[in-house]
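*Asks:* What follows is final_9.tsv, TSV, C-alpha atoms and all ligand atoms.
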```tsv
chain	number	residue	atom	x	y	z
A	1	MET	CA	0.00	0.00	0.00
A	2	ALA	CA	1.31	3.47	-0.88
A	3	ASP	CA	2.65	5.55	2.00
A	4	THR	CA	0.66	8.76	1.64
A	5	ALA	CA	2.43	10.38	4.60
A	6	LYS	CA	5.74	10.70	2.61
A	7	PRO	CA	7.88	10.56	5.78
A	8	HIS	CA	11.10	11.33	3.91
A	9	ALA	CA	9.78	14.41	2.14
A	10	GLN	CA	11.41	16.64	4.74
A	11	GLY	CA	13.84	16.41	7.61
A	12	ARG	CA	16.20	18.41	9.75
A	13	VAL	CA	17.77	20.24	6.78
A	14	PRO	CA	15.38	23.01	5.74
A	15	HIS	CA	13.88	23.02	2.26
A	16	GLY	CA	16.23	24.70	-0.22
A	17	ASP	CA	19.10	25.10	2.31
A	18	LEU	CA	22.43	24.67	0.52
A	19	THR	CA	24.60	25.14	3.61
A	20	GLN	CA	23.82	21.66	4.92
A	21	ARG	CA	23.83	18.23	3.34
A	22	VAL	CA	21.33	15.50	4.08
A	23	GLY	CA	24.04	13.08	2.97
A	24	VAL	CA	26.14	14.32	5.89
A	25	GLU	CA	23.29	14.78	8.36
A	26	GLN	CA	22.17	11.19	7.90
A	27	ILE	CA	25.58	9.63	8.56
A	28	SER	CA	26.12	11.96	11.54
A	29	ALA	CA	22.78	10.84	12.95
A	30	ARG	CA	23.99	7.25	12.63
A	31	GLY	CA	27.10	7.98	14.66
A	32	VAL	CA	29.79	9.05	12.17
A	33	ASP	CA	32.06	11.87	13.37
A	34	VAL	CA	32.22	13.51	9.95
A	35	ASP	CA	35.10	15.87	10.77
A	36	THR	CA	37.23	12.93	11.93
A	37	LEU	CA	36.23	10.93	8.87
A	38	ILE	CA	37.25	13.75	6.53
A	39	GLU	CA	40.64	14.02	8.25
A	40	LYS	CA	41.20	10.26	7.95
A	41	LEU	CA	40.22	10.33	4.29
A	42	VAL	CA	42.60	13.20	3.53
A	43	ASP	CA	45.46	11.33	5.23
A	44	ALA	CA	44.52	8.18	3.32
A	45	ALA	CA	44.24	10.02	-0.01
A	46	GLY	CA	47.67	11.54	0.65
A	47	ALA	CA	49.11	8.08	1.22
A	48	GLU	CA	47.61	6.79	-2.03
A	49	PHE	CA	48.93	9.73	-4.01
A	50	THR	CA	52.45	9.62	-2.58
A	51	THR	CA	52.58	5.85	-2.91
A	52	TYR	CA	51.65	6.20	-6.57
A	53	TYR	CA	54.64	8.55	-6.94
A	54	TYR	CA	57.11	6.34	-5.07
A	55	TYR	CA	55.95	3.19	-6.83
A	56	THR	CA	56.86	4.87	-10.09
A	57	ILE	CA	60.48	4.95	-8.90
A	58	LEU	CA	60.36	1.49	-7.37
A	59	ARG	CA	58.96	0.00	-10.57
A	60	MET	CA	61.76	1.56	-12.61
A	61	TYR	CA	64.37	0.07	-10.29
A	62	LEU	CA	63.00	-3.44	-10.57
A	63	ALA	CA	65.25	-3.30	-13.61
A	64	GLY	CA	65.57	-6.58	-15.45
A	65	GLU	CA	62.72	-8.22	-13.54
A	66	GLU	CA	59.84	-7.90	-15.97
A	67	ASP	CA	57.40	-9.95	-13.90
A	68	TYR	CA	58.05	-7.83	-10.81
A	69	LYS	CA	57.75	-4.65	-12.84
A	70	GLU	CA	54.40	-5.69	-14.21
A	71	ILE	CA	52.97	-6.50	-10.79
A	72	CYS	CA	54.39	-3.32	-9.28
A	73	GLU	CA	52.73	-1.42	-12.12
A	74	ASP	CA	49.35	-2.91	-11.25
A	75	ALA	CA	49.77	-1.87	-7.62
A	76	ARG	CA	50.98	1.59	-8.69
A	77	LEU	CA	48.07	2.31	-11.02
A	78	GLU	CA	45.58	0.89	-8.55
A	79	ASP	CA	46.85	3.31	-5.90
A	80	ARG	CA	46.12	6.12	-8.32
A	81	ALA	CA	42.65	4.65	-8.81
A	82	HIS	CA	42.23	4.64	-5.02
A	83	PHE	CA	43.11	8.33	-4.87
A	84	GLU	CA	40.64	9.05	-7.66
A	85	LEU	CA	37.91	7.00	-6.00
A	86	ILE	CA	38.16	8.49	-2.52
A	87	THR	CA	38.94	12.15	-3.27
A	88	PRO	CA	35.46	13.09	-4.57
A	89	ARG	CA	34.02	11.63	-1.37
A	90	ILE	CA	36.02	14.16	0.68
A	91	TYR	CA	34.24	16.95	-1.20
A	92	GLU	CA	30.82	15.32	-0.89
A	93	LEU	CA	31.33	15.35	2.85
A	94	GLY	CA	32.05	19.07	2.69
A	95	GLY	CA	35.84	18.84	2.97
A	96	THR	CA	38.76	19.46	0.64
A	97	ILE	CA	42.19	18.07	-0.02
A	98	PRO	CA	45.03	20.47	0.99
A	99	TYR	CA	45.65	23.37	-1.37
A	100	ASP	CA	49.40	22.76	-1.22
A	101	ILE	CA	50.68	19.37	-2.42
A	102	ARG	CA	53.47	19.57	0.17
A	103	THR	CA	50.83	19.56	2.88
A	104	LEU	CA	49.18	16.55	1.29
A	105	ALA	CA	52.48	14.66	1.17
A	106	ASP	CA	53.26	15.52	4.81
A	107	ARG	CA	49.79	14.42	5.89
A	108	ALA	CA	50.03	11.07	4.14
A	109	GLY	CA	49.07	8.40	6.63
A	110	CYS	CA	51.83	6.04	5.51
A	111	PRO	CA	55.63	6.45	5.44
A	112	ASP	CA	57.43	7.52	2.29
A	113	ALA	CA	58.20	4.41	0.21
A	114	TYR	CA	61.77	5.47	-0.49
A	115	LEU	CA	63.94	3.59	-2.91
A	116	PRO	CA	66.41	1.44	-0.93
A	117	GLY	CA	69.89	2.93	-1.24
A	118	SER	CA	68.53	6.44	-1.83
A	119	SER	CA	69.37	7.60	1.74
A	120	ASN	CA	65.66	8.01	2.51
A	121	GLY	CA	65.19	9.95	-0.68
A	122	GLN	CA	68.11	12.28	0.03
A	123	HIS	CA	70.55	10.68	-2.41
A	124	ALA	CA	72.80	13.56	-3.43
A	125	MET	CA	73.09	13.83	-7.19
A	126	ALA	CA	76.35	15.38	-8.30
A	127	ASN	CA	74.98	15.35	-11.84
A	128	PRO	CA	71.58	14.49	-13.35
A	129	ARG	CA	72.59	10.89	-14.10
A	130	ASP	CA	74.14	10.16	-10.73
A	131	ILE	CA	71.48	7.60	-9.92
A	132	VAL	CA	71.20	4.88	-7.29
A	133	THR	CA	72.53	1.61	-8.69
A	134	ASN	CA	72.50	-0.78	-5.76
A	135	ALA	CA	68.82	-1.32	-4.93
A	136	SER	CA	68.13	-5.05	-4.97
A	137	ALA	CA	64.80	-6.57	-6.00
A	138	ALA	CA	64.35	-8.09	-2.54
A	139	GLN	CA	64.88	-4.71	-0.86
A	140	ILE	CA	62.38	-3.06	-3.18
A	141	LEU	CA	59.79	-5.80	-2.71
A	142	GLU	CA	60.11	-5.34	1.05
A	143	VAL	CA	59.32	-1.62	0.72
A	144	LEU	CA	56.34	-2.45	-1.49
A	145	LEU	CA	55.08	-5.04	0.97
A	146	GLU	CA	55.23	-2.72	3.96
A	147	ALA	CA	53.47	0.04	2.01
A	148	GLU	CA	50.61	-2.35	1.25
A	149	ARG	CA	50.41	-3.33	4.90
A	150	CYS	CA	50.07	0.30	5.91
A	151	ALA	CA	47.29	0.67	3.33
A	152	ILE	CA	45.44	-2.35	4.72
A	153	ARG	CA	45.58	-0.88	8.22
A	154	THR	CA	44.38	2.48	6.89
A	155	TRP	CA	41.37	1.20	4.93
A	156	SER	CA	40.42	-1.29	7.63
A	157	GLU	CA	40.15	1.65	10.01
A	158	VAL	CA	37.94	3.56	7.56
A	159	CYS	CA	35.76	0.47	7.20
A	160	ASP	CA	35.43	0.28	10.99
A	161	LEU	CA	34.50	3.97	11.25
A	162	THR	CA	31.77	3.68	8.63
A	163	PHE	CA	30.37	0.15	8.87
A	164	GLY	CA	26.62	0.20	9.32
A	165	LYS	CA	26.60	4.03	9.40
A	166	ASP	CA	27.94	5.42	6.11
A	167	PRO	CA	27.32	2.87	3.35
A	168	ARG	CA	28.86	5.02	0.64
A	169	THR	CA	32.25	5.61	2.27
A	170	TYR	CA	32.22	2.04	3.52
A	171	ASP	CA	31.65	0.71	0.02
A	172	MET	CA	34.56	2.74	-1.35
A	173	ALA	CA	36.91	1.82	1.50
A	174	MET	CA	35.92	-1.84	1.20
A	175	ARG	CA	36.65	-1.85	-2.53
A	176	ILE	CA	40.06	-0.29	-1.93
A	177	LEU	CA	40.77	-2.68	0.94
A	178	ASN	CA	40.03	-5.64	-1.34
A	179	GLU	CA	42.78	-4.53	-3.67
A	180	GLU	CA	45.23	-3.72	-0.88
A	181	VAL	CA	44.82	-7.23	0.53
A	182	GLU	CA	45.55	-8.63	-2.93
A	183	HIS	CA	48.62	-6.40	-3.21
A	184	GLU	CA	50.00	-7.62	0.11
A	185	ALA	CA	49.53	-11.23	-1.01
A	186	TRP	CA	51.32	-10.54	-4.31
A	187	PHE	CA	54.33	-9.01	-2.61
A	188	ILE	CA	54.49	-11.75	0.02
A	189	GLU	CA	54.65	-14.27	-2.84
A	190	LEU	CA	57.35	-12.38	-4.72
A	191	LEU	CA	59.49	-11.43	-1.71
A	192	SER	CA	59.25	-14.91	-0.24
A	193	LYS	CA	60.63	-16.47	-3.41
A	194	GLU	CA	63.15	-13.72	-4.11
A	195	ARG	CA	64.56	-13.29	-0.62
A	196	ASP	CA	63.94	-16.63	1.09
A	197	GLY	CA	63.51	-19.12	-1.74
A	198	VAL	CA	60.18	-20.18	-0.25
A	199	SER	CA	56.91	-20.63	-2.17
A	200	ARG	CA	54.02	-18.72	-0.62
A	201	PRO	CA	51.41	-18.52	-3.40
A	202	SER	CA	49.11	-15.50	-3.51
A	203	GLY	CA	46.61	-16.90	-5.97
A	204	HIS	CA	47.66	-14.16	-8.36
A	205	PHE	CA	47.39	-14.22	-12.11
A	206	ARG	CA	47.79	-11.15	-14.26
A	207	ARG	CA	45.26	-8.34	-14.39
A	208	GLY	CA	43.40	-8.03	-17.70
A	209	ALA	CA	45.24	-4.76	-18.36
A	210	PRO	CA	47.81	-2.91	-16.24
A	211	GLY	CA	46.18	-1.42	-13.14
A	212	ASP	CA	42.80	-2.91	-13.98
A	213	ALA	CA	41.51	-2.27	-10.44
A	214	PRO	CA	38.55	-4.67	-10.60
A	215	TYR	CA	37.14	-3.55	-7.27
A	216	SER	CA	37.79	0.18	-7.25
A	217	LYS	CA	36.88	0.66	-10.94
A	218	ASN	CA	34.10	-1.93	-10.89
A	219	HIS	CA	35.74	-3.87	-13.71
A	220	GLY	CA	35.25	-7.54	-14.45
A	221	PHE	CA	37.40	-9.99	-12.51
A	222	TYR	CA	39.80	-12.34	-14.27
A	223	ASN	CA	37.32	-15.16	-14.61
A	224	PRO	CA	37.62	-16.67	-18.08
B	301	FE	FE	46.05	1.88	-2.53
B	302	FE	FE	48.11	-1.15	-2.77
```
Before we go any further, please render this structure as structure tokens.
Ligand SMILES: [Fe+2]
Ligand SMILES: [Fe+2]
*Replies:*
Amino acid sequence: MADTAKPHAQGRVPHGDLTQRVGVEQISARGVDVDTLIEKLVDAAGAEFTTYYYYTILRMYLAGEEDYKEICEDARLEDRAHFELITPRIYELGGTIPYDIRTLADRAGCPDAYLPGSSNGQHAMANPRDIVTNASAAQILEVLLEAERCAIRTWSEVCDLTFGKDPRTYDMAMRILNEEVEHEAWFIELLSKERDGVSRPSGHFRRGAPGDAPYSKNHGFYNP
């Protein structure tokens, strides 16, 4: 039977008021501290963006290891997809990312994924081609692994903050978390074989295209 009372036709936000958002009011009413959530999302977006940058370097230095490069590239492009997925949500909630990219990098919720041998990114370059030459694949894979672990902790926290209260942020964080868990498994597999000579399968097979991001871009899974 039709509900003639239309109980959702109006609420706490006055008709025509553009200074408030029902999409924020409703999640606040369900227990989300929206200011805290925005801060967490900015820190998380900063981590995704900086990781995308550092993975660019790390992928280059997996020189001669085409399989590692390809998998690092998937993780790199998927971190960019994570930044793209979550950043609009910050604005929907009424927030913004920092106006200065230096602030964003400093706020990143995960450590800088420096290239091993680069003196924590401070490698002094006497000339433009004075590049680091001694970063081993195992060292790089370890940096990649720990970056993924930080991402899992980050998105698990966002899932906890939003579960049952903010379905939209939860859905985004859950999609990202799915990929971060895959990334950790990939790098455990690769590092285990490279460093320890031990097989620890991740269940991985190649993405359909580099950085396919099946969860965060809602693409099809590899399921022939
Ligand atoms: Fe990510
Ligand atoms: Fe990742």
*Asks:* Rank nothing, just name the residue among A:Gly11, A:Gly46, A:Pro128, A:Gly95 nearest to ligand FE 301 (chain B), using all atoms listed in the file.
*Replies:*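 Among the listed residues, A:Gly46 lies closest to ligand FE 301 (chain B).
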*Asks:* Residues within 12 Å of ligand FE 301 (chain B) (all atoms listed in the file), as a ChimeraX atom specification?
*Replies:* /A:44-53,55,72,74-86,109-110,144-145,147-155,172-184,211,213,215-216
*Asks:* Grab the CA of Tyr61 in chain A to CA of Pro214 in chain A distance for me, in Å with one decimal place.
*Replies:*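 Interatomic distance here is 26.3 Å.
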*Asks:* When you look at range 23-25 of chain A with a cut-off of 12 Å (counting only C-alpha atoms), what residues show up, excluding the ones that are within fewer than 2 positions of it in the same chain? I need them as a PyMOL selection string.
*Replies:* chain A and resi 11-14+18-21+27-35+37-38+89-95+165-169
*Asks:* Can you work out which one of A:Val132, A:Glu39, A:Arg207, A:Cys159 has the shortest atom-to-atom distance to Pro98 in chain A, counting all atoms listed in the file?
*Replies:* A:Glu39
*Asks:* Do you have the CA of Asn127 in chain A-CA of Glu142 in chain A distance handy?
*Replies:* 28.6 Å
*Asks:* So which one's closest to Leu41 in chain A, A:Val198, A:Ile97, A:Val22, A:Ile57? Using all atoms listed in the file, please.
*Replies:* A:Ile97
*Asks:* For a test of reading the model, state the distance in Å between CA of Ala5 in chain A and CA of Gln26 in chain A, rounded to one decimal.
*Replies:* 20.0 Å
*Asks:* When you count all atoms listed in the file, which of these residues is closest to ligand FE 302 (chain B): A:Arg200, A:Phe163, A:Glu146, A:Ala137?
*Replies:*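 Smallest distance to ligand FE 302 (chain B) is found for A:Glu146.
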*Asks:* Could you tell me which of A:Gly220, A:Ser199, A:Leu62, A:Tyr99 comes closest to Thr133 in chain A if we count only C-alpha atoms?
*Replies:*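 Among the listed residues, A:Leu62 lies closest to Thr133 in chain A.
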*Asks:* Which residue is closest to ligand FE 302 (chain B)? Choose from A:Met125, A:Gly117, A:Asp160, A:Ile71 and count all atoms listed in the file.
*Replies:* A:Ile71
*Asks:* With 5 Å of padding per side, what axis-aligned box (centre and edge lengths, Å, one decimal) covers all the listed atoms of range 5-23 of chain A? Give it as lines of an AutoDock Vina configuration file.
*Replies:*
```
center_x = 13.5
center_y = 17.8
center_z = 4.8
size_x = 32.2
size_y = 24.8
size_z = 20.0
```
